[in-house]
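Undergrad: Next up, run-v6.tsv (TSV, C-alpha atoms and all ligand atoms).
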```tsv
chain	number	residue	atom	x	y	z
A	431	MET	CA	215.25	140.93	36.91
A	432	ALA	CA	214.40	144.48	38.05
A	433	HIS	CA	210.96	144.73	36.54
A	434	MET	CA	208.78	143.09	33.92
A	435	ILE	CA	206.65	144.72	31.27
A	436	LEU	CA	203.57	142.82	30.17
A	437	SER	CA	200.85	143.53	27.64
A	438	TYR	CA	197.46	142.12	26.74
A	439	LEU	CA	199.25	139.67	24.39
A	440	GLN	CA	200.97	137.83	27.25
A	441	ALA	CA	197.94	138.17	29.56
A	442	GLN	CA	195.60	136.65	26.97
A	443	ALA	CA	198.00	133.77	26.32
A	444	LEU	CA	198.23	133.07	30.08
A	445	ILE	CA	194.45	133.17	30.55
A	446	ALA	CA	193.97	130.81	27.59
A	447	ALA	CA	196.60	128.40	28.97
A	448	HIS	CA	194.88	128.41	32.37
A	449	GLN	CA	191.54	127.69	30.74
A	450	ALA	CA	193.15	124.82	28.83
A	451	GLY	CA	194.40	123.31	32.12
A	452	GLU	CA	198.12	124.05	31.51
A	453	THR	CA	200.38	124.43	34.54
A	454	GLN	CA	203.34	126.13	32.82
A	455	LEU	CA	203.81	128.48	29.89
A	456	VAL	CA	206.71	130.23	28.17
A	457	VAL	CA	206.02	133.96	27.91
A	458	SER	CA	208.00	137.13	27.36
A	459	PRO	CA	208.65	139.40	30.37
A	460	ASP	CA	209.94	142.22	28.12
A	461	LEU	CA	207.64	142.62	25.12
A	462	SER	CA	209.02	139.78	22.99
A	463	LEU	CA	212.76	140.36	23.49
A	464	THR	CA	213.33	137.31	25.75
A	465	ARG	CA	211.27	134.41	27.12
A	466	ILE	CA	210.79	132.79	30.53
A	467	GLU	CA	208.78	129.88	31.90
A	468	VAL	CA	206.06	130.74	34.42
A	469	ASP	CA	203.88	128.64	36.74
A	470	ILE	CA	200.13	128.71	36.27
A	471	THR	CA	198.09	128.02	39.42
A	472	GLN	CA	194.51	128.43	40.61
A	473	ASN	CA	195.49	131.71	42.32
A	474	GLY	CA	197.39	133.25	39.44
A	475	VAL	CA	200.76	133.22	37.69
A	476	GLY	CA	204.12	132.89	39.46
A	477	PHE	CA	207.20	134.38	37.78
A	478	PRO	CA	210.80	133.18	38.29
A	479	GLY	CA	211.67	136.45	40.12
A	480	GLY	CA	209.06	135.64	42.78
A	481	GLN	CA	206.36	138.04	41.55
A	482	VAL	CA	202.80	136.72	41.51
A	483	LEU	CA	199.94	138.12	39.43
A	484	THR	CA	196.35	137.22	40.29
A	485	TRP	CA	193.83	136.32	37.60
A	486	GLU	CA	192.15	139.65	38.33
A	487	ASP	CA	195.44	141.44	37.52
A	488	LEU	CA	195.74	139.44	34.31
A	489	GLU	CA	192.15	140.30	33.31
A	490	THR	CA	193.00	143.99	33.83
A	491	ILE	CA	196.03	143.68	31.54
A	492	SER	CA	194.14	141.58	29.02
A	493	ASP	CA	191.40	144.24	28.71
A	494	SER	CA	193.87	147.09	27.99
A	495	GLU	CA	195.13	146.85	24.42
A	496	ARG	CA	196.52	150.42	24.31
A	497	VAL	CA	198.87	150.35	27.30
A	498	CYS	CA	201.57	148.08	28.73
A	499	PHE	CA	201.90	147.26	32.45
A	500	LEU	CA	204.88	147.37	34.76
A	501	VAL	CA	205.09	144.46	37.20
A	502	GLY	CA	207.42	145.50	39.98
A	503	GLU	CA	207.81	145.40	43.72
A	504	GLY	CA	204.93	147.86	44.13
A	505	GLY	CA	202.60	145.57	42.17
A	506	LEU	CA	200.97	146.35	38.86
A	507	ARG	CA	200.89	149.78	37.21
A	508	LYS	CA	200.23	151.20	33.76
A	509	VAL	CA	203.25	152.47	31.83
A	510	GLN	CA	201.60	155.86	31.46
A	511	ILE	CA	202.62	159.36	32.56
A	512	PHE	CA	200.90	162.73	32.40
A	513	SER	CA	203.41	165.39	31.41
A	514	GLU	CA	203.34	168.65	33.35
A	515	THR	CA	205.64	170.13	30.66
A	516	THR	CA	203.34	169.63	27.70
A	517	ASN	CA	200.01	168.70	29.37
A	518	ARG	CA	199.99	165.49	27.34
A	519	LEU	CA	199.41	161.91	28.39
A	520	TYR	CA	202.16	159.47	27.34
A	521	SER	CA	201.52	155.70	27.27
A	522	LEU	CA	203.58	152.74	26.12
A	523	MET	CA	201.36	150.92	23.63
A	524	PRO	CA	202.06	147.28	22.76
A	525	THR	CA	202.24	145.90	19.22
A	526	GLN	CA	203.20	142.40	18.05
A	527	GLY	CA	206.80	143.70	17.92
A	528	ALA	CA	208.39	146.83	19.38
A	529	PRO	CA	205.91	149.00	21.30
A	530	THR	CA	205.08	152.56	20.31
A	531	MET	CA	204.32	155.54	22.51
A	532	LEU	CA	200.91	157.18	22.43
A	533	VAL	CA	201.01	160.93	22.88
A	534	SER	CA	197.50	161.94	23.90
A	535	GLY	CA	196.19	158.95	21.98
A	536	ILE	CA	198.32	159.41	18.82
A	537	PRO	CA	200.96	156.73	18.05
A	538	MET	CA	204.48	158.09	17.62
A	539	HIS	CA	205.42	155.41	15.05
A	540	ARG	CA	203.61	153.69	12.23
A	541	ILE	CA	201.64	150.66	13.40
A	542	LYS	CA	199.28	149.92	10.49
A	543	GLY	CA	200.68	147.14	8.32
A	544	ILE	CA	204.16	147.72	9.79
A	545	ASP	CA	205.65	147.76	13.30
A	546	PRO	CA	207.69	150.54	14.93
A	547	HIS	CA	210.97	148.64	14.45
A	548	GLN	CA	210.42	148.17	10.69
A	549	ASP	CA	209.28	151.80	10.51
A	550	THR	CA	212.59	152.85	12.10
A	551	LEU	CA	214.66	150.69	9.72
A	552	ARG	CA	212.96	152.29	6.72
A	553	LYS	CA	213.74	155.80	8.00
A	554	ILE	CA	217.39	154.95	8.66
A	555	LYS	CA	217.84	153.18	5.31
A	556	THR	CA	216.96	156.36	3.38
A	557	ILE	CA	220.22	158.00	4.52
A	558	ALA	CA	222.47	154.92	4.66
A	559	PRO	CA	225.32	154.56	5.19
A	560	ILE	CA	225.02	156.21	8.59
A	561	GLN	CA	228.49	157.53	9.41
A	562	GLY	CA	230.26	160.12	11.52
A	563	HIS	CA	228.37	162.39	13.88
A	564	VAL	CA	224.58	162.11	13.69
A	565	LEU	CA	221.91	164.49	14.97
A	566	ASP	CA	218.54	162.99	15.94
A	567	THR	CA	216.25	165.96	16.59
A	568	ALA	CA	213.43	164.15	18.44
A	569	THR	CA	214.33	161.24	20.75
A	570	GLY	CA	210.88	159.77	21.53
A	571	LEU	CA	211.48	156.12	22.40
A	572	GLY	CA	215.01	156.42	21.01
A	573	TYR	CA	214.52	153.92	18.19
A	574	THR	CA	216.10	156.09	15.48
A	575	ALA	CA	219.00	157.06	17.79
A	576	ILE	CA	219.64	153.41	18.77
A	577	GLN	CA	219.57	152.26	15.15
A	578	ALA	CA	221.83	155.10	13.96
A	579	ALA	CA	224.29	154.31	16.79
A	580	ARG	CA	224.96	150.89	15.25
A	581	THR	CA	227.27	152.45	12.66
A	582	ALA	CA	227.69	156.12	13.64
A	583	GLU	CA	230.65	157.55	15.54
A	584	ARG	CA	228.39	159.55	17.85
A	585	VAL	CA	224.66	160.29	18.02
A	586	VAL	CA	223.25	163.43	19.65
A	587	THR	CA	219.53	163.13	20.37
A	588	ILE	CA	217.20	165.84	21.72
A	589	GLU	CA	213.91	165.39	23.58
A	590	LEU	CA	211.65	168.19	24.74
A	591	ASP	CA	209.63	166.29	27.28
A	592	PRO	CA	211.23	164.46	30.24
A	593	ALA	CA	207.99	162.44	30.56
A	594	ALA	CA	208.68	160.83	27.16
A	595	LEU	CA	212.10	159.74	28.46
A	596	GLU	CA	210.53	158.32	31.63
A	597	ILE	CA	208.41	156.07	29.42
A	598	ALA	CA	211.49	155.18	27.34
A	599	ARG	CA	213.33	154.20	30.53
A	600	LEU	CA	210.65	151.57	31.24
A	601	ASN	CA	210.61	150.28	27.65
A	602	PRO	CA	212.79	147.18	27.14
A	603	TRP	CA	213.20	148.12	23.45
A	604	SER	CA	214.70	151.52	24.41
A	605	ARG	CA	217.53	150.14	26.58
A	606	GLY	CA	220.26	151.10	24.10
A	607	LEU	CA	219.32	154.75	24.52
A	608	PHE	CA	220.52	154.62	28.11
A	609	GLU	CA	223.26	152.01	27.76
A	610	ASN	CA	225.13	152.93	24.57
A	611	PRO	CA	227.87	155.42	25.48
A	612	ILE	CA	228.03	156.92	21.98
A	613	ILE	CA	224.48	158.25	22.35
A	614	ILE	CA	224.42	161.72	23.93
A	615	GLN	CA	221.03	162.80	25.25
A	616	ILE	CA	219.95	166.42	25.49
A	617	ILE	CA	216.71	167.45	27.19
A	618	GLY	CA	215.50	170.61	25.51
A	619	ASP	CA	213.73	172.14	22.54
A	620	CYS	CA	215.57	171.21	19.34
A	621	TYR	CA	214.41	174.52	17.85
A	622	GLU	CA	216.62	176.27	20.42
A	623	GLU	CA	219.29	173.60	20.93
A	624	ILE	CA	220.21	173.51	17.25
A	625	GLY	CA	221.67	177.03	17.48
A	626	LYS	CA	224.31	175.69	19.91
A	627	PHE	CA	225.91	173.25	17.44
A	628	ASP	CA	228.87	174.12	15.22
A	629	SER	CA	228.35	174.63	11.51
A	630	GLU	CA	228.83	171.39	9.54
A	631	GLU	CA	229.08	169.36	12.79
A	632	PHE	CA	226.94	166.44	11.56
A	633	LYS	CA	227.19	164.02	8.65
A	634	ARG	CA	223.63	162.77	8.97
A	635	ILE	CA	220.47	164.27	10.49
A	636	ILE	CA	217.30	162.39	11.40
A	637	HIS	CA	214.43	164.82	11.80
A	638	ASP	CA	211.43	162.86	13.07
A	639	PRO	CA	209.19	165.53	14.62
A	640	PRO	CA	205.57	165.33	15.77
A	641	ALA	CA	202.94	165.98	13.08
A	642	PHE	CA	202.96	169.38	11.35
A	643	SER	CA	199.74	170.35	13.16
A	644	LEU	CA	201.42	169.81	16.55
A	645	ALA	CA	204.90	171.26	15.90
A	646	GLY	CA	204.77	173.69	12.94
A	647	ASP	CA	208.00	175.45	13.98
A	648	LEU	CA	209.94	172.22	13.33
A	649	TYR	CA	208.79	172.43	9.68
A	650	SER	CA	209.65	176.14	9.27
A	651	GLY	CA	212.15	177.74	6.89
A	652	GLU	CA	214.04	179.14	9.86
A	653	PHE	CA	214.54	175.68	11.40
A	654	TYR	CA	215.46	174.16	8.00
A	655	ARG	CA	218.18	176.85	7.60
A	656	GLU	CA	219.65	175.70	10.91
A	657	LEU	CA	219.48	172.04	9.82
A	658	PHE	CA	221.35	173.05	6.66
A	659	ARG	CA	223.95	175.00	8.65
A	660	VAL	CA	224.81	172.13	11.05
A	661	LEU	CA	224.95	169.50	8.27
A	662	GLY	CA	228.36	168.90	6.71
A	663	ARG	CA	228.98	169.09	2.97
A	664	GLY	CA	227.92	165.83	1.32
A	665	GLY	CA	225.61	165.20	4.32
A	666	ARG	CA	222.05	163.93	4.22
A	667	LEU	CA	218.89	164.74	6.14
A	668	PHE	CA	215.93	162.40	6.61
A	669	HIS	CA	212.77	164.35	7.41
A	670	TYR	CA	209.60	162.49	8.45
A	671	VAL	CA	206.52	164.29	7.12
A	672	GLY	CA	203.75	161.64	7.15
A	673	ASP	CA	202.06	159.56	4.48
A	674	LEU	CA	203.02	161.08	1.12
A	675	GLU	CA	200.04	159.37	-0.51
A	676	SER	CA	197.55	161.15	1.78
A	677	LYS	CA	196.10	164.58	1.04
A	678	SER	CA	197.59	166.19	4.17
A	679	GLY	CA	200.97	164.41	3.75
A	680	ARG	CA	201.21	165.58	0.13
A	681	SER	CA	200.52	169.14	1.11
A	682	VAL	CA	202.98	169.13	4.06
A	683	ALA	CA	205.63	167.56	1.79
A	684	ARG	CA	205.10	170.16	-0.95
A	685	GLY	CA	205.69	173.04	1.50
A	686	ALA	CA	208.62	171.27	3.17
A	687	ILE	CA	210.34	170.56	-0.19
A	688	ARG	CA	210.05	174.23	-1.18
A	689	ARG	CA	211.38	175.53	2.16
A	690	LEU	CA	214.23	172.94	2.25
A	691	GLY	CA	215.30	174.14	-1.21
A	692	GLU	CA	215.14	177.75	-0.06
A	693	ALA	CA	217.25	176.81	2.99
A	694	GLY	CA	220.03	175.69	0.64
A	695	PHE	CA	219.60	171.92	0.16
A	696	SER	CA	220.70	171.03	-3.37
A	697	ARG	CA	218.24	168.17	-3.89
A	698	VAL	CA	215.15	166.93	-2.02
A	699	VAL	CA	213.76	163.49	-2.80
A	700	ARG	CA	210.41	161.99	-1.74
A	701	ARG	CA	210.73	158.64	0.08
A	702	PRO	CA	207.14	157.39	0.35
A	703	GLU	CA	208.17	154.01	1.84
A	704	ALA	CA	209.55	155.90	4.87
A	705	PHE	CA	206.80	158.56	4.97
A	706	GLY	CA	209.45	161.21	4.50
A	707	LEU	CA	211.90	163.24	2.45
A	708	VAL	CA	215.66	163.06	2.03
A	709	ALA	CA	217.52	166.34	1.53
A	710	TYR	CA	221.11	166.47	0.26
A	711	LYS	CA	223.72	169.14	0.97
B	1	LIG	C1	207.71	161.10	16.43
B	1	LIG	S1	208.45	161.16	18.00
B	1	LIG	C2	210.10	160.69	17.67
B	1	LIG	C3	210.27	159.19	17.56
B	1	LIG	C4	211.70	158.77	17.64
B	1	LIG	N1	212.46	159.19	16.47
B	1	LIG	C5	211.85	157.28	17.86
B	1	LIG	O1	212.54	156.64	17.05
B	1	LIG	O2	211.27	156.72	18.81
B	1	LIG	C6	208.61	162.89	18.30
B	1	LIG	C7	209.23	163.24	19.68
B	1	LIG	O3	209.65	164.62	19.63
B	1	LIG	C8	209.44	165.21	20.88
B	1	LIG	N2	209.40	166.66	20.63
B	1	LIG	C9	208.35	167.44	20.32
B	1	LIG	N3	208.74	168.71	20.13
B	1	LIG	C10	210.09	168.73	20.31
B	1	LIG	C11	211.08	169.76	20.25
B	1	LIG	N4	210.74	171.00	19.96
B	1	LIG	N5	212.36	169.42	20.51
B	1	LIG	C12	212.71	168.14	20.81
B	1	LIG	N6	211.81	167.13	20.88
B	1	LIG	C13	210.53	167.42	20.62
B	1	LIG	C14	208.14	164.59	21.36
B	1	LIG	O4	208.03	164.71	22.78
B	1	LIG	C15	208.30	163.16	20.89
B	1	LIG	O5	208.89	162.38	21.88
```
Go through the file and emit its structure as structure tokens.
TA:
Amino acid sequence: MAHMILSYLQAQALIAAHQAGETQLVVSPDLSLTRIEVDITQNGVGFPGGQVLTWEDLETISDSERVCFLVGEGGLRKVQIFSETTNRLYSLMPTQGAPTMLVSGIPMHRIKGIDPHQDTLRKIKTIAPIQGHVLDTATGLGYTAIQAARTAERVVTIELDPAALEIARLNPWSRGLFENPIIIQIIGDCYEEIGKFDSEEFKRIIHDPPAFSLAGDLYSGEFYRELFRVLGRGGRLFHYVGDLESKSGRSVARGAIRRLGEAGFSRVVRRPEAFGLVAYK
């Protein structure tokens, strides 16, 4: 195993087992995807790959509920990167299921009452069946791209910030982004990159941008006209806008629905369960 990713959930379970006098425990080395048996000793925890974590290391992990830790040959380090491109701090934040990424403290997926994986499934379901060529405008941890790639012919996904992809590379739940050959990654600004695609090139578009307050141009009429241009006839666009029941979400959705209509979409439907809109061409 190249590296392990641990969170406070595994660390707390290990500390509790030690306190209970256990000498072995089954834990996940990759944020709940698989399980391994580890040895619990007075000095710390021994993993099958030979790595050893001291109780001090495990206390450090256990005290940090907003970041995961990489356990590698160089020892323990936070899965956290400061981006020189955007001057933002990116961290991999654990949940009970798939982790999310914090961008300067703001989670990139929904985590209240739902986990990032379920959040992704709800987004994808709004434009099912996912077929043909798919455009995913904002890669992030790659969850929407990975899910779309299960049934699509090809998925093109665009990410502005290489630091976000560095975090994704360390995330066990993002592996498909780097391993599935039908997913094509572009590093760039989707506002500019979209002009390079052919008209009607995509059958489905997933537009999952940062919040309106952080990326207003990705909610503009000009960008929506480009989304309309690259979408094929009969195609569908899912557009995340935020909680439609909240005051700000309602207001962002109202403006987005008007501009999507002006851009040419024949019908725009609110999908509150997915915190977004679906636009039809
Ligand atoms: C909400 S997250 C996307 C989550 C993603 N769909 C997933 O499933 O993990 C938004 C992402 O868009 C990226 N981003 C912001 N502005 C962008 C732009 N202009 N072009 C492409 N990506 C952008 C951010 O760095 C961030 O990683």
Undergrad: Taking only residues of chain A that have an atom at most 9 Å from an atom of ligand LIG 1 (chain B), what is each one's shortest atom pair and its distance in Å to one decimal, using all atoms listed in the file, in chain and number order, as JSON lines?
TA:
```
{"residue": "A:Thr516", "atom": "CA", "partner": "B:LIG1", "partner_atom": "O4", "distance": 8.4}
{"residue": "A:Thr530", "atom": "CA", "partner": "B:LIG1", "partner_atom": "O2", "distance": 7.6}
{"residue": "A:Met531", "atom": "CA", "partner": "B:LIG1", "partner_atom": "O2", "distance": 8.0}
{"residue": "A:Val533", "atom": "CA", "partner": "B:LIG1", "partner_atom": "C15", "distance": 7.9}
{"residue": "A:Pro537", "atom": "CA", "partner": "B:LIG1", "partner_atom": "C1", "distance": 8.2}
{"residue": "A:Met538", "atom": "CA", "partner": "B:LIG1", "partner_atom": "C1", "distance": 4.6}
{"residue": "A:His539", "atom": "CA", "partner": "B:LIG1", "partner_atom": "C1", "distance": 6.3}
{"residue": "A:Pro546", "atom": "CA", "partner": "B:LIG1", "partner_atom": "O1", "distance": 8.1}
{"residue": "A:His547", "atom": "CA", "partner": "B:LIG1", "partner_atom": "O1", "distance": 8.6}
{"residue": "A:Asp549", "atom": "CA", "partner": "B:LIG1", "partner_atom": "O1", "distance": 8.8}
{"residue": "A:Thr550", "atom": "CA", "partner": "B:LIG1", "partner_atom": "O1", "distance": 6.2}
{"residue": "A:Asp566", "atom": "CA", "partner": "B:LIG1", "partner_atom": "N1", "distance": 7.2}
{"residue": "A:Thr567", "atom": "CA", "partner": "B:LIG1", "partner_atom": "C12", "distance": 5.9}
{"residue": "A:Ala568", "atom": "CA", "partner": "B:LIG1", "partner_atom": "O3", "distance": 4.0}
{"residue": "A:Thr569", "atom": "CA", "partner": "B:LIG1", "partner_atom": "C4", "distance": 4.8}
{"residue": "A:Gly570", "atom": "CA", "partner": "B:LIG1", "partner_atom": "O5", "distance": 3.3}
{"residue": "A:Leu571", "atom": "CA", "partner": "B:LIG1", "partner_atom": "O2", "distance": 3.6}
{"residue": "A:Gly572", "atom": "CA", "partner": "B:LIG1", "partner_atom": "O2", "distance": 4.3}
{"residue": "A:Tyr573", "atom": "CA", "partner": "B:LIG1", "partner_atom": "O1", "distance": 3.6}
{"residue": "A:Thr574", "atom": "CA", "partner": "B:LIG1", "partner_atom": "O1", "distance": 3.9}
{"residue": "A:Ala575", "atom": "CA", "partner": "B:LIG1", "partner_atom": "O1", "distance": 6.5}
{"residue": "A:Ile576", "atom": "CA", "partner": "B:LIG1", "partner_atom": "O1", "distance": 8.0}
{"residue": "A:Gln577", "atom": "CA", "partner": "B:LIG1", "partner_atom": "O1", "distance": 8.5}
{"residue": "A:Thr587", "atom": "CA", "partner": "B:LIG1", "partner_atom": "C12", "distance": 8.5}
{"residue": "A:Ile588", "atom": "CA", "partner": "B:LIG1", "partner_atom": "C12", "distance": 5.1}
{"residue": "A:Glu589", "atom": "CA", "partner": "B:LIG1", "partner_atom": "N6", "distance": 3.8}
{"residue": "A:Leu590", "atom": "CA", "partner": "B:LIG1", "partner_atom": "N6", "distance": 4.0}
{"residue": "A:Asp591", "atom": "CA", "partner": "B:LIG1", "partner_atom": "O4", "distance": 5.0}
{"residue": "A:Pro592", "atom": "CA", "partner": "B:LIG1", "partner_atom": "O4", "distance": 8.1}
{"residue": "A:Ala593", "atom": "CA", "partner": "B:LIG1", "partner_atom": "O4", "distance": 8.1}
{"residue": "A:Ala594", "atom": "CA", "partner": "B:LIG1", "partner_atom": "O5", "distance": 5.5}
{"residue": "A:Leu595", "atom": "CA", "partner": "B:LIG1", "partner_atom": "O5", "distance": 7.8}
{"residue": "A:Ala598", "atom": "CA", "partner": "B:LIG1", "partner_atom": "O2", "distance": 8.7}
{"residue": "A:Ser604", "atom": "CA", "partner": "B:LIG1", "partner_atom": "O2", "distance": 8.4}
{"residue": "A:Ile616", "atom": "CA", "partner": "B:LIG1", "partner_atom": "C12", "distance": 8.8}
{"residue": "A:Ile617", "atom": "CA", "partner": "B:LIG1", "partner_atom": "C12", "distance": 7.6}
{"residue": "A:Gly618", "atom": "CA", "partner": "B:LIG1", "partner_atom": "C12", "distance": 6.0}
{"residue": "A:Asp619", "atom": "CA", "partner": "B:LIG1", "partner_atom": "N5", "distance": 3.7}
{"residue": "A:Cys620", "atom": "CA", "partner": "B:LIG1", "partner_atom": "N5", "distance": 3.9}
{"residue": "A:Tyr621", "atom": "CA", "partner": "B:LIG1", "partner_atom": "N4", "distance": 5.5}
{"residue": "A:Glu622", "atom": "CA", "partner": "B:LIG1", "partner_atom": "N4", "distance": 7.9}
{"residue": "A:Glu623", "atom": "CA", "partner": "B:LIG1", "partner_atom": "N5", "distance": 8.1}
{"residue": "A:Ile636", "atom": "CA", "partner": "B:LIG1", "partner_atom": "N1", "distance": 7.7}
{"residue": "A:His637", "atom": "CA", "partner": "B:LIG1", "partner_atom": "N1", "distance": 7.6}
{"residue": "A:Asp638", "atom": "CA", "partner": "B:LIG1", "partner_atom": "N1", "distance": 5.1}
{"residue": "A:Pro639", "atom": "CA", "partner": "B:LIG1", "partner_atom": "C6", "distance": 4.6}
{"residue": "A:Pro640", "atom": "CA", "partner": "B:LIG1", "partner_atom": "C6", "distance": 4.6}
{"residue": "A:Ala641", "atom": "CA", "partner": "B:LIG1", "partner_atom": "C1", "distance": 7.6}
{"residue": "A:Leu644", "atom": "CA", "partner": "B:LIG1", "partner_atom": "N3", "distance": 8.2}
{"residue": "A:Ala645", "atom": "CA", "partner": "B:LIG1", "partner_atom": "N3", "distance": 6.3}
{"residue": "A:Asp647", "atom": "CA", "partner": "B:LIG1", "partner_atom": "N4", "distance": 7.9}
{"residue": "A:Leu648", "atom": "CA", "partner": "B:LIG1", "partner_atom": "N4", "distance": 6.8}
{"residue": "A:Tyr670", "atom": "CA", "partner": "B:LIG1", "partner_atom": "C1", "distance": 8.3}
```
Undergrad: When you count only C-alpha atoms, which of these residues is closest to Leu506 (chain A): A:Thr581, A:Gln548, A:Asn473, A:Ser437?
TA: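 Of A:Thr581, A:Gln548, A:Asn473, A:Ser437, the one nearest Leu506 (chain A) is A:Ser437, counting only C-alpha atoms.
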Undergrad: What is the distance between CA of Gly480 (chain A) and CA of Val456 (chain A), in Å to one decimal?
TA: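 Calculated distance between CA of Gly480 (chain A) and CA of Val456 (chain A) is 15.8 Å.
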Undergrad: Find the residues around Phe512 (chain A) up to 9 Å (all atoms listed in the file counted), leave out those fewer than 6 positions away in its own chain, and share them as a PyMOL selection string.
TA: chain A and resi 518-521+593
Undergrad: Could you state the separation of CA of Leu565 (chain A) and CA of Leu657 (chain A) in Å, given to one decimal place?
TA: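 For CA of Leu565 (chain A) relative to CA of Leu657 (chain A), the distance reads 9.5 Å.
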Undergrad: CA of Arg688 (chain A) to CA of Arg700 (chain A): how many Å, to one decimal?
TA: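 If I compute the distance from CA of Arg688 (chain A) to CA of Arg700 (chain A), I get 12.3 Å.
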Undergrad: Using only C-alpha atoms, which of A:Asn517, A:Gly527, A:Ser494, A:Ala446 sits nearest Ser462 (chain A)?
TA: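 Among A:Asn517, A:Gly527, A:Ser494, A:Ala446, it is A:Gly527 that comes nearest to Ser462 (chain A).
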Undergrad: Identify which of the residues A:Gly672, A:Gln472, A:Ala450, A:Ile624 lies closest to Ser643 (chain A), counting only C-alpha atoms when measuring atom-to-atom distances.
TA: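 Residue with the minimum atom-to-atom distance to Ser643 (chain A): A:Gly672.
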Undergrad: Please identify all polymer residues within 7 Å of Ala709 (chain A), counting all atoms listed in the file, omitting same-chain residues fewer than 5 positions from it, and present them as a list of chain:residue names.
TA: A:Arg666, A:Leu667, A:Phe668, A:Phe695, A:Arg697, A:Val698, A:Val699
Undergrad: Would you mind listing what lies within 12 Å of Gln449 (chain A) as a list in words, with all atoms listed in the file counted and same-chain residues fewer than 3 positions away left out?
TA: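 Skipping anything fewer than 3 positions along the chain leaves Gln442, Ala443, Leu444, Ile445, Ala446, Glu452, Thr453, Ile470, Thr471, Gln472, Gly474 and Trp485 of chain A.
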Undergrad: Quick one: what's the axis-aligned box for region 639-657 of chain A, all listed atoms, 6 Å on every side, centre and edges in Å to one decimal, as lines of an AutoDock Vina configuration file?
TA:
```
center_x = 209.7
center_y = 172.2
center_z = 11.7
size_x = 31.9
size_y = 25.8
size_z = 21.7
```
Undergrad: Within 10 Å of Thr525 (chain A), counting all atoms listed in the file, which residues show up once you throw out same-chain ones fewer than 5 positions away? Write them as an NGL selection string, please.
TA: :A and (437-439 or 461-462 or 495-498 or 530 or 541 or 544-546)
Undergrad: Kindly save the residues from that selection, with C-alpha atoms included, as a PDB file, in the coordinates of the input.
TA:
```
ATOM      1  CA  SER A 437     200.850 143.530  27.640  1.00  0.00           C
ATOM      2  CA  TYR A 438     197.460 142.120  26.740  1.00  0.00           C
ATOM      3  CA  LEU A 439     199.250 139.670  24.390  1.00  0.00           C
ATOM      4  CA  LEU A 461     207.640 142.620  25.120  1.00  0.00           C
ATOM      5  CA  SER A 462     209.020 139.780  22.990  1.00  0.00           C
ATOM      6  CA  GLU A 495     195.130 146.850  24.420  1.00  0.00           C
ATOM      7  CA  ARG A 496     196.520 150.420  24.310  1.00  0.00           C
ATOM      8  CA  VAL A 497     198.870 150.350  27.300  1.00  0.00           C
ATOM      9  CA  CYS A 498     201.570 148.080  28.730  1.00  0.00           C
ATOM     10  CA  THR A 530     205.080 152.560  20.310  1.00  0.00           C
ATOM     11  CA  ILE A 541     201.640 150.660  13.400  1.00  0.00           C
ATOM     12  CA  ILE A 544     204.160 147.720   9.790  1.00  0.00           C
ATOM     13  CA  ASP A 545     205.650 147.760  13.300  1.00  0.00           C
ATOM     14  CA  PRO A 546     207.690 150.540  14.930  1.00  0.00           C
TER      15      PRO A 546
END
```
Undergrad: Excluding Ile557 (chain A) and its own-chain neighbours fewer than 2 positions away, which residues fall within 8 Å of it when counting only C-alpha atoms? Please give them as a ChimeraX atom specification.
TA: /A:553-555,559-560,634,666-668,708
Undergrad: Could you check the closest approach to Ser676 (chain A) for each of A:Glu583, A:Gly479, A:Phe705, A:Val564 and tell me which residue wins, using all atoms listed in the file?
TA: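 Of A:Glu583, A:Gly479, A:Phe705, A:Val564, the one nearest Ser676 (chain A), counting all atoms listed in the file, is A:Phe705.
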